[in-house]
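Okay, work.txt is below, compact mmCIF, C-alpha atoms and all ligand atoms:
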# COMPACT_ATOMS: atom_id res chain seq x y z
CA MET Z 603 -69.18 130.55 110.58
CA LYS Z 604 -66.09 128.66 109.53
CA VAL Z 605 -65.15 125.31 111.07
CA GLY Z 606 -61.93 123.46 110.26
CA VAL Z 607 -61.01 119.81 110.68
CA LEU Z 608 -57.33 119.31 111.41
CA ALA Z 609 -56.18 117.17 108.49
CA LEU Z 610 -52.77 115.89 109.54
CA GLN Z 611 -53.57 112.30 110.60
CA GLY Z 612 -56.58 110.28 111.78
CA ASP Z 613 -60.31 110.27 111.00
CA VAL Z 614 -60.32 113.43 108.92
CA ALA Z 615 -62.77 112.50 106.14
CA GLU Z 616 -65.38 111.19 108.59
CA HIS Z 617 -65.24 114.41 110.63
CA LEU Z 618 -65.47 116.58 107.51
CA SER Z 619 -68.69 114.86 106.44
CA ALA Z 620 -70.15 114.75 109.96
CA MET Z 621 -69.44 118.46 110.44
CA LYS Z 622 -70.92 119.35 107.03
CA ARG Z 623 -74.05 117.36 107.90
CA ALA Z 624 -74.26 119.18 111.23
CA ILE Z 625 -73.89 122.77 110.05
CA ARG Z 626 -75.39 122.64 106.53
CA ARG Z 627 -75.99 126.22 105.41
CA ARG Z 628 -74.90 127.84 108.66
CA GLY Z 629 -71.29 127.90 107.54
CA GLU Z 630 -68.32 126.42 105.79
CA VAL Z 631 -66.23 123.37 106.71
CA ILE Z 632 -62.62 123.12 105.58
CA ALA Z 633 -59.67 120.73 105.95
CA VAL Z 634 -56.86 122.45 107.85
CA LYS Z 635 -53.25 121.64 107.04
CA LYS Z 636 -51.54 124.97 107.50
CA ALA Z 637 -51.10 127.35 110.42
CA GLU Z 638 -52.33 130.37 108.45
CA GLN Z 639 -55.77 128.77 108.02
CA VAL Z 640 -56.33 128.75 111.79
CA SER Z 641 -56.68 132.52 112.30
CA LYS Z 642 -59.84 132.57 110.12
CA LEU Z 643 -61.66 129.81 112.00
CA ASP Z 644 -64.43 129.94 114.59
CA GLY Z 645 -64.06 126.26 115.38
CA LEU Z 646 -61.53 123.47 114.92
CA VAL Z 647 -62.04 119.72 115.21
CA ILE Z 648 -59.01 117.66 116.25
CA PRO Z 649 -59.85 114.10 115.19
CA GLY Z 650 -59.00 110.71 116.64
CA GLY Z 651 -55.85 109.00 115.49
CA GLU Z 652 -52.53 108.77 117.26
CA SER Z 653 -51.99 111.60 119.71
CA THR Z 654 -48.17 111.54 119.68
CA THR Z 655 -48.08 111.67 115.86
CA ILE Z 656 -50.71 114.41 115.60
CA GLY Z 657 -48.89 116.35 118.36
CA LYS Z 658 -45.58 116.19 116.49
CA LEU Z 659 -47.19 117.37 113.26
CA ILE Z 660 -49.05 120.21 115.04
CA GLN Z 661 -45.69 121.52 116.26
CA LYS Z 662 -43.87 120.90 112.98
CA TYR Z 663 -46.37 123.07 111.07
CA GLY Z 664 -46.64 125.78 113.75
CA ILE Z 665 -50.33 125.03 114.26
CA ASP Z 666 -49.93 125.10 118.05
CA LYS Z 667 -48.84 128.75 117.91
CA ALA Z 668 -51.71 129.62 115.55
CA ILE Z 669 -54.20 127.95 117.93
CA HIS Z 670 -52.83 129.80 120.96
CA ALA Z 671 -52.94 133.06 118.96
CA ASN Z 672 -56.68 132.77 118.20
CA PRO Z 673 -58.46 133.65 121.46
CA GLU Z 674 -61.96 133.04 120.04
CA LEU Z 675 -61.31 129.59 118.60
CA ALA Z 676 -63.58 126.76 119.83
CA ILE Z 677 -61.99 123.30 119.73
CA PHE Z 678 -63.62 119.86 119.63
CA GLY Z 679 -61.05 117.15 120.43
CA THR Z 680 -62.18 113.57 119.90
CA CYS Z 681 -60.18 110.62 121.26
CA ALA Z 682 -56.56 111.51 120.34
CA GLY Z 683 -57.85 115.10 119.97
CA ALA Z 684 -59.13 115.05 123.57
CA ILE Z 685 -55.67 113.93 124.72
CA LEU Z 686 -54.18 116.90 122.86
CA LEU Z 687 -56.48 119.34 124.71
CA ALA Z 688 -55.50 118.09 128.17
CA LYS Z 689 -53.29 119.91 130.60
CA GLU Z 690 -51.90 116.58 131.87
CA ILE Z 691 -51.45 113.12 130.33
CA GLU Z 692 -50.87 110.30 132.82
CA GLY Z 693 -47.60 108.45 132.38
CA TYR Z 694 -46.52 110.01 129.08
CA GLU Z 695 -44.11 112.79 128.22
CA GLN Z 696 -45.74 114.04 125.05
CA PHE Z 697 -46.92 117.28 123.54
CA SER Z 698 -50.35 118.67 124.29
CA LEU Z 699 -52.02 122.05 123.81
CA LYS Z 700 -52.88 122.21 127.56
CA LEU Z 701 -56.09 124.18 126.91
CA MET Z 702 -58.40 122.24 129.24
CA ASP Z 703 -57.89 121.73 132.95
CA ILE Z 704 -58.20 117.95 132.71
CA THR Z 705 -55.96 114.93 133.20
CA VAL Z 706 -56.35 112.06 130.73
CA ALA Z 707 -55.23 108.43 130.78
CA ARG Z 708 -54.53 107.00 127.33
CA ASN Z 709 -55.86 103.58 126.24
CA ALA Z 710 -57.68 103.48 129.54
CA PHE Z 711 -60.22 100.73 128.93
CA GLY Z 712 -57.55 98.01 128.69
CA ARG Z 713 -57.08 95.18 126.25
CA GLN Z 714 -60.36 93.35 126.72
CA ARG Z 715 -62.39 96.44 126.01
CA GLU Z 716 -60.01 97.96 123.46
CA SER Z 717 -62.97 98.74 121.24
CA PHE Z 718 -66.61 98.74 122.25
CA GLU Z 719 -69.88 100.53 121.65
CA VAL Z 720 -72.34 101.77 124.21
CA ASP Z 721 -75.52 103.86 124.36
CA LEU Z 722 -74.65 106.89 126.44
CA THR Z 723 -76.94 109.23 128.30
CA ILE Z 724 -75.88 112.80 127.49
CA PRO Z 725 -78.44 115.16 129.05
CA ALA Z 726 -76.97 118.15 127.15
CA LEU Z 727 -78.06 116.50 123.87
CA GLY Z 728 -81.56 115.54 124.95
CA GLU Z 729 -83.23 112.33 126.12
CA LYS Z 730 -82.38 110.05 123.22
CA PRO Z 731 -79.23 108.02 124.03
CA PHE Z 732 -76.12 108.65 121.94
CA HIS Z 733 -74.54 105.57 120.40
CA ALA Z 734 -70.83 105.96 121.19
CA VAL Z 735 -67.96 104.04 119.57
CA PHE Z 736 -64.80 103.71 121.67
CA ILE Z 737 -61.50 102.71 120.00
CA ARG Z 738 -58.44 102.49 122.27
CA ALA Z 739 -60.06 105.38 124.02
CA PRO Z 740 -58.71 107.62 126.74
CA ILE Z 741 -60.67 108.62 129.82
CA ILE Z 742 -60.65 111.85 131.74
CA THR Z 743 -59.37 111.02 135.21
CA ARG Z 744 -59.51 114.55 136.64
CA ALA Z 745 -61.70 117.49 135.73
CA GLY Z 746 -60.74 120.89 137.16
CA LYS Z 747 -63.14 123.47 138.59
CA GLY Z 748 -64.25 125.14 135.36
CA VAL Z 749 -64.90 121.83 133.61
CA GLU Z 750 -68.43 120.57 133.07
CA VAL Z 751 -68.77 116.77 132.92
CA LEU Z 752 -71.27 115.85 130.18
CA ALA Z 753 -71.10 112.04 130.11
CA ARG Z 754 -69.59 109.05 131.88
CA VAL Z 755 -69.16 105.32 131.23
CA ASP Z 756 -69.46 103.68 134.63
CA ASP Z 757 -67.48 106.21 136.67
CA ALA Z 758 -65.12 107.31 133.94
CA ILE Z 759 -65.60 110.76 132.38
CA VAL Z 760 -65.84 110.45 128.58
CA LEU Z 761 -67.23 113.85 127.56
CA ALA Z 762 -66.43 117.24 129.11
CA ARG Z 763 -66.59 120.91 128.28
CA GLN Z 764 -64.65 123.90 129.48
CA GLY Z 765 -65.98 127.08 127.88
CA ARG Z 766 -65.32 126.80 124.17
CA TYR Z 767 -63.40 123.53 124.46
CA LEU Z 768 -65.05 120.12 124.17
CA ALA Z 769 -63.19 116.85 124.87
CA CYS Z 770 -64.72 113.55 123.83
CA ALA Z 771 -63.19 110.09 124.41
CA PHE Z 772 -65.25 108.34 121.71
CA HIS Z 773 -65.80 108.75 117.95
CA PRO Z 774 -69.01 110.69 117.14
CA GLU Z 775 -67.91 110.94 113.47
CA LEU Z 776 -68.44 107.19 112.99
CA THR Z 777 -72.21 107.19 113.45
CA ARG Z 778 -75.01 109.08 111.69
CA ASP Z 779 -76.01 110.98 114.82
CA SER Z 780 -74.93 114.61 114.27
CA ARG Z 781 -76.04 115.97 117.64
CA LEU Z 782 -72.58 116.28 119.14
CA HIS Z 783 -71.19 118.01 116.03
CA ARG Z 784 -74.20 120.35 116.15
CA TYR Z 785 -73.59 121.01 119.84
CA PHE Z 786 -70.00 121.96 118.98
CA ALA Z 787 -71.14 124.16 116.07
CA ASP Z 788 -73.38 126.02 118.54
CA ILE Z 789 -70.39 126.57 120.85
CA ALA Z 790 -68.26 127.80 117.91
CA ALA Z 791 -71.06 130.15 116.81
CA GLY Z 792 -71.27 131.58 120.34
CA ASN Z 793 -74.84 130.29 120.85
CA LEU Z 794 -74.09 127.96 123.75
N1 LIG Z 801 -54.98 105.51 121.63
C1 LIG Z 801 -54.84 106.71 120.84
C2 LIG Z 801 -53.84 107.66 121.49
O1 LIG Z 801 -53.56 107.51 122.64
C3 LIG Z 801 -56.16 107.41 120.65
C4 LIG Z 801 -57.12 106.47 119.95
C5 LIG Z 801 -58.01 107.13 118.98
O2 LIG Z 801 -57.91 108.32 118.69
N2 LIG Z 801 -58.88 106.32 118.39
O3 LIG Z 801 -53.33 108.53 120.85
Written as structure tokens, how would this file's structure read?
Ligand code: GLN
Amino acid sequence: MKVGVLALQGDVAEHLSAMKRAIRRRGEVIAVKKAEQVSKLDGLVIPGGESTTIGKLIQKYGIDKAIHANPELAIFGTCAGAILLAKEIEGYEQFSLKLMDITVARNAFGRQRESFEVDLTIPALGEKPFHAVFIRAPIITRAGKGVEVLARVDDAIVLARQGRYLACAFHPELTRDSRLHRYFADIAAGNL
């Protein structure tokens, strides 16, 4: 199995080490900067950062076309990456890959809760709570029919899956808990 981390902007290094920790000898993890790397991947992580900047760079390097041309590719979008997976972004005219039938609201927790941490219950990962770090995080305000909601904070959806796509509002690469990266590796490997 080969998993890439999109290395254009954002938390690239943290995702590379989290992904390596999660898959160990099951496969290879590479930094992706060029469109031609995408056709050889089973999975791609789109990290947190600034979604408009990452979106512009994705288009500039033709990575959007390479993603759309790989029908098997699993994608794990975290924070800005989740915004880039969404079909609709509330209130912004900006690029997105439109691969998941979700609507997102950027910076949705407001100024007072710009950054916060919370122990989340994510039944798909087991009973132990997942310590989630939110940084100017989006929320998912609408999830279409084929979308499975995996976690919420209060009423807001913060983790969702649609087939081989996984959208996460927080930053799982910033803690030592590899369960979410492992969950994604299982999707990319076709085991889940
Ligand atoms: N607020 C950022 C955006 O809208 C996302 C924040 C993040 O990725 N930490 O692009």
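The nearest approach to Z:Ala791 among the residues Z:Ile625, Z:Leu768, Z:Ala609, Z:Ala620, with only C-alpha atoms taken into account, belongs to Z:Ile625.
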Q: Would you mind listing what lies within 10 Å of Z:Ala758 as a list of chain:residue names, with all atoms listed in the file counted and same-chain residues fewer than 5 positions away left out?
A: Z:Ala710, Z:Phe711, Z:Pro740, Z:Ile741, Z:Ile742, Z:Thr743, Z:Arg744, Z:Ala753
Q: Pick out the residues sitting within 12 Å of Z:Lys747, and hand them over as a list in words; count only C-alpha atoms, and ignore anything fewer than 3 positions along from it in its own chain.
A: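 Once the adjacent positions are removed, what remains is Met702, Asp703, Ile704, Arg744, Glu750, Val751, Ala762, Arg763, Gln764 and Gly765 of chain Z.
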Q: Do a neighbour search on Z:Val640 at 12 Å with all atoms listed in the file, toss out local chain neighbours closer than 4 positions, and write the hits as a VMD selection string.
A: chain Z and resid 604 to 608 632 to 636 644 to 647 660 663 to 677
Q.
Would you pick out the contacts of stretch 722-727 of chain Z at 8 Å or less, using all atoms listed in the file, so that residues sharing its chain but fewer than 6 positions from it are not included, and give the list as a list in words?
A. His733, Ala734, Leu752, Ala753, Arg754, Val755, Arg781, Leu782 and Tyr785 of chain Z
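Atom O1 of ligand LIG 801 (chain Z) lies 11.5 Å from atom CA of Z:Gly693.
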Q | Residue among Z:Glu775, Z:Glu638, Z:Glu630, Z:Asp756 lying closest to Z:Phe678, counting only C-alpha atoms | A |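 Of Z:Glu775, Z:Glu638, Z:Glu630, Z:Asp756, the one nearest Z:Phe678 is Z:Glu775, counting only C-alpha atoms.
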Q: Write out as a PyMOL selection string each polymer residue (protein, DNA or RNA) that has an atom no more than 6 Å from ligand LIG 801 (chain Z), with all atoms listed in the file counted.
A: chain Z and resi 650-653+681-682+708-709+737-739
Q. So how far away is atom CA of Z:Leu610 from atom CA of Z:Ser641, in Å?
A.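 Result for atom CA of Z:Ser641 versus atom CA of Z:Leu610: 17.3 Å, one decimal.
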Report, as lines of an AutoDock Vina configuration file, the centre and edge lengths in Å (one decimal) of the axis-aligned box enclosing every listed atom of stretch 665-683 of chain Z, padded by 4 Å on each side.
center_x = -56.2
center_y = 122.1
center_z = 117.9
size_x = 22.8
size_y = 31.0
size_z = 15.2
Q: Tell me which of Z:Gly792, Z:Lys662, Z:His783, Z:His773 sits closest to Z:Arg626, counting all atoms listed in the file.
A: Z:His783
Q. Between Z:Leu686, Z:Ala624, Z:Leu701, Z:Val749, which has the minimum distance to Z:Ile648 (counting all atoms listed in the file)?
A. Z:Leu686
Q: Quick one: pull the distance between atom CA of Z:Pro649 and atom CA of Z:Phe697, Å, one decimal.
A: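 Interatomic distance, atom CA of Z:Pro649 to atom CA of Z:Phe697: 15.7 Å.
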